[in-house]
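Participant: Got a structure here, written out as structure tokens. Questions coming.
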Amino acid sequence: SFNPLHAGHLKLARAAAGHLGREVGFELTLDNAEKAGISLDEAKRRAVAFGGVAPLWLTRAPLFAQKAALFPHGAFVVGADTAARLVQPRFYGDDPQRMDEAFEAVRRADCRFLVAGRLVDGNFLTLEELDIPAAHRCLFEGFSEETFRVDLSSTEIRQGKASGRSRPDA
């Protein structure tokens, strides 16, 4: 949710742009599937940090199927922790069919997920460690740790605990 926007977000955007061969932008949703929503005033405060850095879209699309409808042919760049949550049935009313339908909507919009590793509970988690259902695995592509690794989190920054470990080439 870019609270705050930090060097890890920007380095990941550069890595994604290089991988995709095109400019990338950021999306900030006012309504989040897992976190509390944010007010328009708070979104404006966060948006100031993006001034001149990259395009920023404000949406009310908490689910990736909804984001895919707004951004067809897009690649959603997410951390491995987010990718792990995407395949949890709880986001689909504990209904595997609804989960399949949501991923099918992403597929129909010609969208996909680029997954960056994340430090989670002291372990560097990558796409390869995730249990992505075989039917949806083709929608996910991961960055190698050598391509991108920045151990920085907005939560840790807010709590004053950020380490900022970064790969030299990231």
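Simple scheme: letters A, B, ... for chains in structure tokens order, numbers from 1 for residues in each chain, numbers from 1 for ligands in the order shown.
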Could you pull the residues within 7 Å of stretch 7-11 of chain A, counting only C-alpha atoms, minus those fewer than 3 positions along the same chain, as a ChimeraX atom specification?
Facilitator: /A:14-15,150,152,170
Participant: Restricted to N, CA and C atoms, what would the selected residues look like written as a PDB file, in the first residue's frame?
Facilitator:
```pdb
ATOM      1  N   ARG A  14      11.823  -0.913 -11.430  1.00  0.00           N
ATOM      2  CA  ARG A  14      12.867  -0.905 -12.468  1.00  0.00           C
ATOM      3  C   ARG A  14      13.153  -2.316 -12.967  1.00  0.00           C
ATOM      4  N   ALA A  15      13.205  -3.288 -12.058  1.00  0.00           N
ATOM      5  CA  ALA A  15      13.441  -4.680 -12.460  1.00  0.00           C
ATOM      6  C   ALA A  15      12.294  -5.177 -13.344  1.00  0.00           C
ATOM      7  N   VAL A 150      15.514  -7.070  -2.235  1.00  0.00           N
ATOM      8  CA  VAL A 150      15.629  -5.945  -1.317  1.00  0.00           C
ATOM      9  C   VAL A 150      14.821  -6.308  -0.084  1.00  0.00           C
ATOM     10  N   LEU A 152      13.359  -4.932   2.492  1.00  0.00           N
ATOM     11  CA  LEU A 152      12.846  -3.692   3.050  1.00  0.00           C
ATOM     12  C   LEU A 152      11.333  -3.780   3.026  1.00  0.00           C
ATOM     13  N   ALA A 170      20.668  -5.108  -7.695  1.00  0.00           N
ATOM     14  CA  ALA A 170      19.220  -4.859  -7.734  1.00  0.00           C
ATOM     15  C   ALA A 170      18.930  -3.387  -7.857  1.00  0.00           C
TER      16      ALA A 170
END
```
Participant: Would you mind reading off the distance between atom CA of A:Arg46 and atom CA of A:Arg158, one decimal, in Å?
Facilitator: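 Computed distance, atom CA of A:Arg46 to atom CA of A:Arg158, equals 13.5 Å.
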Participant: Counting only C-alpha atoms, which of A:Gly25, A:Pro4, A:Gly93, A:Gly52 gets nearest to A:Phe71?
Facilitator: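 Of A:Gly25, A:Pro4, A:Gly93, A:Gly52, the one nearest A:Phe71 is A:Gly25, counting only C-alpha atoms.
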Participant: Near A:Ile38, counting only C-alpha atoms, which residues have an atom at most 12 Å away, once you skip same-chain residues fewer than 6 positions from it, shown as a ChimeraX atom specification?
Facilitator: /A:1-3,28-32,44-46,58-60,62
Participant: With only C-alpha atoms as the atoms that count, which of A:Ala134, A:Ala49, A:Cys111, A:Ala116 lies nearest to A:Ala80?
Facilitator: A:Ala116
Participant: Using DSSP on the backbone coordinates, identify all residues within chain A classified as strand (DSSP E or B); present the result as an MDAnalysis selection string.
Facilitator: chainID A and resid 26:29 56:59 75:79 112:116 118:120 123:125 140:142 150:151 165:166
Participant: Determine, counting only C-alpha atoms, which protein, DNA and RNA residues have an atom within 10 Å of an atom of A:Val106; residues of the same chain fewer than 2 positions away are not included. Present the result as a list in words.
Facilitator: Phe64, Ala65, Gln66, Lys67, Ala68, Ala69, Phe71, Pro72, His73, Gly74, Ala75, Asp100, Glu101, Ala102, Phe103, Glu104, Arg108, Ala109, Asp110, Cys111, Arg112, Phe113, His136 and Leu139 of chain A
Participant: Could you pull out all residues of stretch 66-116 of chain A with a DSSP call of alpha helix (DSSP H) and give them as a list of chain:residue names?
Facilitator: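 Selection result, alpha helix (DSSP H) within stretch 66-116 of chain A: A:Gln66, A:Lys67, A:Ala68, A:Ala69, A:Leu70, A:Ala80, A:Asp81, A:Thr82, A:Ala83, A:Ala84, A:Arg85, A:Leu86, A:Pro96, A:Gln97, A:Arg98, A:Met99, A:Asp100, A:Glu101, A:Ala102, A:Phe103, A:Glu104, A:Ala105, A:Val106, A:Arg107, A:Arg108.
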Participant: Rank A:Ala13, A:Thr126, A:Lys35, A:Phe76 by their smallest atom-to-atom distance to A:Glu146, using only C-alpha atoms, and report the top residue only.
Facilitator: A:Thr126
